[in-house]
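Peer 1: What follows is a single structure, and I will ask about it in a moment.
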Amino acid sequence: MTGPVGVKVGLIGAGTMGRRHLDALRRDPRVEIAGVADVVAASARTAAETVGARPCGSVADLADLGVQAVFVTLPNAFHGAVVLEALDRGLHVFEEKPMATTLEDGRRILRRVRTGNRVYQMGFNRRWAPSYQFLRRHVDAGFTPFSANVKINDGDMLTPTWYTNIAISGGFMYDTAVHLFDMVAWLVGPIETVAALGRRSCYPIYDDIAMLLRCRGDRPVAFTTCGHASWAAPQERVELYGDHALLVSEDLDRARYTTREEPQAEWQRFPSPDQVTLWGYVDEDRAFIDAVLGLAPPPVTVDDAFHSLAVLDAAYASIAAGGVAVPVPTL
């Protein structure tokens with residue numbers, strides 16, 4: 001319910017990701033979910049009914065309800081135009097990844113946010129997942145990663161149905177690997193160059209990709225991603241190599257820190273009450289509401305969003321060029 005410190009929000013995009021955010025937002029007593037928009041009226045109606053909201057068809061409809069902020073959870077290719085429209089209407093914006101599927105749209109959003117006064121937050125939920133929080137706490141406490149090895153895989157690329165349609169998804173990595181591009185930048189440092197090789201193994205788009213990233217300070221990171229692995233755990237793994245020490249996470253619920261003095265340190269396991277909490281959506285959405293209320297700056301900024309998009313652009317450019325190292329674009 002809203003009150004003196006409440007925020008009236010709308011959501012546009014009533015698919016799986018949108019429903020996850022509705023589940024997270026309904027747990028925050030500061031939030032009133034006023035409307036849910038989708039071009040498929042039945043989807044908007046079904047999702048809206050779960051939270052007592054009004055079904056809508058567009059950003060304009062949500063604005064007419066008096067929302068202060070919107071959550072953009074549409075298929076990838078539609079992010080750019082809708083985010084820009086929401087900002088033009090004076091709305092605060094939470095945007096699910098990726099920022100856009102072209103650098104041009106990303107630059108438009110970046111400039112608009114920088115020159116405006118609306119809150120913008122990118123949806124990199126893994127920053128709030130317990131295993132990655134464990135890694136970040138140790139980095140903040142003084143662990144210095146000199147290099148890293150990371151992977152993130154999908155069991156298949158059949159859901160959602162537009163996944164393998166580049167015109168909508170942008171490519172396989174726009175939907176999965178982008179998370180760990182952000183994680184590498186967050187834990188190791190900004191990514192400066194990408195050398196990538198890709199293969200079309202089981203699907204009509206690149207679904208096997210191996211990369212060598214160079215982060216600030218000449219820190220190398222090996223990164224592999226596959227779109228046709230089994231769903232066996234771990235689907236993602238991050239290894240950070242320090243001074244005779246290793247920080248490692250597997251999926252979102254376990255991690256360990258081993259050193260020369262304690263090479264057999266136990267795995268730490270992080271139980272969560274449900275998947276929406278484990279995956280970080282609850283804390284992520286609360287952080288956005290905090291930012292809208294002026295309690296803290298958005299923890300994932302428009303610059304973070306653009307950096308991840310620029311890394312994607314460089315990676316696909318490198319694949320097209322046969323694996324040569326490509327500099328990550330800047331504004």
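Going by the structure tokens order, chains are called A, B, ..., each with residues numbered from 1, while ligands are numbered from 1 in the order shown.
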Need to verify the contact set: Pro204 of chain A, 8 Å, only C-alpha atoms, exclusion of same-chain residues closer than 3 positions in sequence. Can you return it as a list in words?

Peer 2: Thr164, Arg200 and Ser201 of chain A

Peer 1: Save out the residues we just selected, C-alpha atoms, as a CSV table (one decimal), in the first residue's frame.

Peer 2:
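Just written: result06.csv:
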```
chain,number,residue,atom,x,y,z
A,164,THR,CA,17.0,-17.7,-31.2
A,200,ARG,CA,26.6,-22.5,-34.3
A,201,SER,CA,26.4,-26.0,-32.9
```

Peer 1: Please return as JSON, numbers by chain: the residues of segment 231-308 of chain A that backbone DSSP assigns to strand (DSSP E).

Peer 2: {"A": [236, 237, 238, 239, 240, 241, 245, 246, 247, 248, 249, 250, 254, 255, 256, 257, 258, 259, 268, 269]}

Peer 1: Please, which residues in segment 121-235 of chain A fall within 12 Å of segment 81-100 of chain A when counting only C-alpha atoms, and what is the closest atom pair and distance in Å to one decimal for each, ordered by chain then residue number, as JSON lines?

Peer 2:
```
{"residue": "A:Gln121", "atom": "CA", "partner": "A:Phe94", "partner_atom": "CA", "distance": 4.9}
{"residue": "A:Met122", "atom": "CA", "partner": "A:Glu95", "partner_atom": "CA", "distance": 5.1}
{"residue": "A:Gly123", "atom": "CA", "partner": "A:Glu96", "partner_atom": "CA", "distance": 4.4}
{"residue": "A:Phe124", "atom": "CA", "partner": "A:Lys97", "partner_atom": "CA", "distance": 6.7}
{"residue": "A:Asn125", "atom": "CA", "partner": "A:Glu96", "partner_atom": "CA", "distance": 9.0}
{"residue": "A:Arg126", "atom": "CA", "partner": "A:Lys97", "partner_atom": "CA", "distance": 11.4}
{"residue": "A:Ala167", "atom": "CA", "partner": "A:Ala100", "partner_atom": "CA", "distance": 11.7}
{"residue": "A:Ile168", "atom": "CA", "partner": "A:Ala100", "partner_atom": "CA", "distance": 10.4}
{"residue": "A:Ser169", "atom": "CA", "partner": "A:Pro98", "partner_atom": "CA", "distance": 9.3}
{"residue": "A:Gly170", "atom": "CA", "partner": "A:Ala100", "partner_atom": "CA", "distance": 8.5}
{"residue": "A:Gly171", "atom": "CA", "partner": "A:Pro98", "partner_atom": "CA", "distance": 10.9}
{"residue": "A:Phe172", "atom": "CA", "partner": "A:Pro98", "partner_atom": "CA", "distance": 11.4}
{"residue": "A:Met173", "atom": "CA", "partner": "A:Pro98", "partner_atom": "CA", "distance": 9.6}
{"residue": "A:Tyr174", "atom": "CA", "partner": "A:Pro98", "partner_atom": "CA", "distance": 6.1}
{"residue": "A:Asp175", "atom": "CA", "partner": "A:Pro98", "partner_atom": "CA", "distance": 7.0}
{"residue": "A:Thr176", "atom": "CA", "partner": "A:Lys97", "partner_atom": "CA", "distance": 9.4}
{"residue": "A:Ala177", "atom": "CA", "partner": "A:Pro98", "partner_atom": "CA", "distance": 10.3}
{"residue": "A:Val178", "atom": "CA", "partner": "A:Pro98", "partner_atom": "CA", "distance": 7.2}
{"residue": "A:His179", "atom": "CA", "partner": "A:Lys97", "partner_atom": "CA", "distance": 8.2}
{"residue": "A:Leu180", "atom": "CA", "partner": "A:Lys97", "partner_atom": "CA", "distance": 11.8}
{"residue": "A:Phe181", "atom": "CA", "partner": "A:Pro98", "partner_atom": "CA", "distance": 11.2}
{"residue": "A:Asp182", "atom": "CA", "partner": "A:Lys97", "partner_atom": "CA", "distance": 10.4}
```

Peer 1: Between A:Val311, A:Ala317, A:Val70, A:Val248, single out the one closest to Glu236 of chain A, counting only C-alpha atoms.

Peer 2: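 Among the listed residues, A:Val248 lies closest to Glu236 of chain A.
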
Peer 1: Could you pull the residues within 12 Å of segment 321-324 of chain A, counting only C-alpha atoms, minus those fewer than 6 positions along the same chain, as a list in words?

Peer 2: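 Near segment 321-324 of chain A, the qualifying residues are Thr193, Val194, Ala195, Ala196, Leu197, Gly198, Arg199, Ile209, Ala210, Met211, Leu212, Leu213, Ala314 and Ala315 of chain A.
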
Peer 1: Could you pull the residues within 12 Å of Pro273 of chain A, counting only C-alpha atoms, minus those fewer than 4 positions along the same chain, as a VMD selection string?

Peer 2: chain A and resid 253 277 to 280 282

Peer 1: Output C-alpha atoms of each residue in that selection to a file, as a PDB file, in the first residue's frame.

Peer 2:
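New file again-v7.pdb:
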```
ATOM      1  CA  ASP A 253      23.730 -20.535  -3.451  1.00  0.00           C
ATOM      2  CA  THR A 277      14.732 -14.252  -3.066  1.00  0.00           C
ATOM      3  CA  LEU A 278      17.617 -16.561  -4.029  1.00  0.00           C
ATOM      4  CA  TRP A 279      17.925 -14.959  -7.444  1.00  0.00           C
ATOM      5  CA  GLY A 280      18.150 -11.487  -5.893  1.00  0.00           C
ATOM      6  CA  VAL A 282      13.482  -9.054  -3.855  1.00  0.00           C
TER       7      VAL A 282
END
```

Peer 1: Can you list, as a PyMOL selection string, every protein, DNA or RNA residue that comes within 9 Å of Asp313 of chain A when you count only C-alpha atoms, leaving out same-chain residues fewer than 6 positions away?

Peer 2: chain A and resi 101-103+328-329

Peer 1: What are the DSSP helix (DSSP H, G or I) residues of segment 109-239 of chain A, as a PyMOL selection string?

Peer 2: chain A and resi 109-115+125-128+130-140+166-169+172-175+177-187

Peer 1: As a VMD selection string, please: the residues near segment 129-138 of chain A (cut-off 9 Å, only C-alpha atoms, same-chain neighbours under 2 positions excluded).

Peer 2: chain A and resid 125 to 127 140 to 144 183 186 to 187 238 240 247 to 257 268 to 272 277 to 281 283

Peer 1: Using only N, CA and C atoms, please write the residues we just selected to a file, as a compact mmCIF listing (two decimals), in the first residue's frame.

Peer 2:
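Once written, selection17.txt looks like this:
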```txt
# COMPACT_ATOMS: atom_id res chain seq x y z
N ASN A 125 20.21 -8.83 -11.42
CA ASN A 125 19.79 -9.40 -10.15
C ASN A 125 20.87 -10.20 -9.45
N ARG A 126 21.83 -10.73 -10.21
CA ARG A 126 22.84 -11.57 -9.58
C ARG A 126 23.70 -10.81 -8.57
N ARG A 127 23.77 -9.51 -8.66
CA ARG A 127 24.54 -8.77 -7.66
C ARG A 127 23.99 -8.98 -6.25
N ASP A 140 35.71 -6.55 -1.27
CA ASP A 140 35.66 -5.29 -0.52
C ASP A 140 36.57 -5.33 0.69
N ALA A 141 36.79 -6.54 1.24
CA ALA A 141 37.63 -6.69 2.43
C ALA A 141 39.12 -6.75 2.08
N GLY A 142 39.45 -6.75 0.78
CA GLY A 142 40.86 -6.70 0.42
C GLY A 142 41.35 -7.77 -0.53
N PHE A 143 40.53 -8.76 -0.85
CA PHE A 143 40.94 -9.77 -1.83
C PHE A 143 41.08 -9.09 -3.19
N THR A 144 42.24 -9.26 -3.83
CA THR A 144 42.47 -8.66 -5.14
C THR A 144 42.50 -9.74 -6.20
N MET A 183 29.14 -9.13 -13.90
CA MET A 183 29.78 -9.66 -12.71
C MET A 183 31.30 -9.50 -12.78
N TRP A 186 32.10 -5.91 -12.15
CA TRP A 186 31.82 -5.58 -10.75
C TRP A 186 32.87 -6.14 -9.81
N LEU A 187 33.38 -7.34 -10.10
CA LEU A 187 34.31 -8.01 -9.19
C LEU A 187 35.78 -7.83 -9.57
N VAL A 238 32.06 -18.98 -11.11
CA VAL A 238 33.02 -17.88 -11.17
C VAL A 238 34.20 -18.23 -10.28
N LEU A 240 37.83 -16.57 -9.00
CA LEU A 240 38.68 -15.39 -8.92
C LEU A 240 39.99 -15.80 -8.27
N LEU A 247 38.73 -17.42 -4.71
CA LEU A 247 37.32 -17.20 -4.40
C LEU A 247 36.53 -17.86 -5.52
N VAL A 248 35.57 -18.71 -5.16
CA VAL A 248 34.82 -19.41 -6.20
C VAL A 248 33.36 -19.52 -5.79
N SER A 249 32.47 -19.34 -6.76
CA SER A 249 31.04 -19.54 -6.52
C SER A 249 30.51 -20.52 -7.56
N GLU A 250 29.47 -21.26 -7.16
CA GLU A 250 28.75 -22.14 -8.08
C GLU A 250 27.27 -21.84 -7.96
N ASP A 251 26.68 -21.50 -9.12
CA ASP A 251 25.30 -21.07 -9.14
C ASP A 251 25.12 -19.94 -8.14
N LEU A 252 23.95 -19.82 -7.53
CA LEU A 252 23.68 -18.64 -6.72
C LEU A 252 23.67 -18.92 -5.23
N ASP A 253 23.95 -20.17 -4.85
CA ASP A 253 23.73 -20.54 -3.45
C ASP A 253 24.90 -21.20 -2.76
N ARG A 254 26.10 -21.20 -3.38
CA ARG A 254 27.24 -21.72 -2.64
C ARG A 254 28.52 -21.09 -3.14
N ALA A 255 29.48 -20.95 -2.20
CA ALA A 255 30.77 -20.33 -2.52
C ALA A 255 31.79 -20.75 -1.48
N ARG A 256 33.06 -20.52 -1.82
CA ARG A 256 34.12 -20.83 -0.85
C ARG A 256 35.30 -19.90 -1.08
N TYR A 257 36.12 -19.76 -0.05
CA TYR A 257 37.32 -18.93 -0.09
C TYR A 257 38.47 -19.77 0.45
N GLN A 268 30.55 -22.70 1.58
CA GLN A 268 29.47 -22.03 2.30
C GLN A 268 28.19 -22.18 1.48
N ARG A 269 27.12 -22.59 2.13
CA ARG A 269 25.84 -22.76 1.44
C ARG A 269 24.85 -21.73 1.96
N PHE A 270 24.04 -21.19 1.05
CA PHE A 270 23.19 -20.06 1.39
C PHE A 270 21.73 -20.40 1.06
N PRO A 271 21.01 -20.98 2.00
CA PRO A 271 19.61 -21.30 1.74
C PRO A 271 18.76 -20.03 1.64
N SER A 272 17.75 -20.08 0.79
CA SER A 272 16.81 -18.98 0.63
C SER A 272 15.40 -19.51 0.71
N THR A 277 13.76 -14.79 -4.01
CA THR A 277 14.73 -14.25 -3.07
C THR A 277 16.14 -14.71 -3.42
N LEU A 278 16.31 -16.02 -3.69
CA LEU A 278 17.62 -16.56 -4.03
C LEU A 278 18.22 -15.84 -5.22
N TRP A 279 17.41 -15.57 -6.23
CA TRP A 279 17.92 -14.96 -7.44
C TRP A 279 18.13 -13.45 -7.30
N GLY A 280 17.83 -12.89 -6.16
CA GLY A 280 18.15 -11.49 -5.89
C GLY A 280 17.07 -10.49 -6.25
N TYR A 281 15.93 -10.97 -6.77
CA TYR A 281 14.92 -10.02 -7.25
C TYR A 281 14.31 -9.19 -6.12
N ASP A 283 15.64 -8.15 -3.18
CA ASP A 283 16.54 -7.09 -2.73
C ASP A 283 16.82 -6.08 -3.84
```
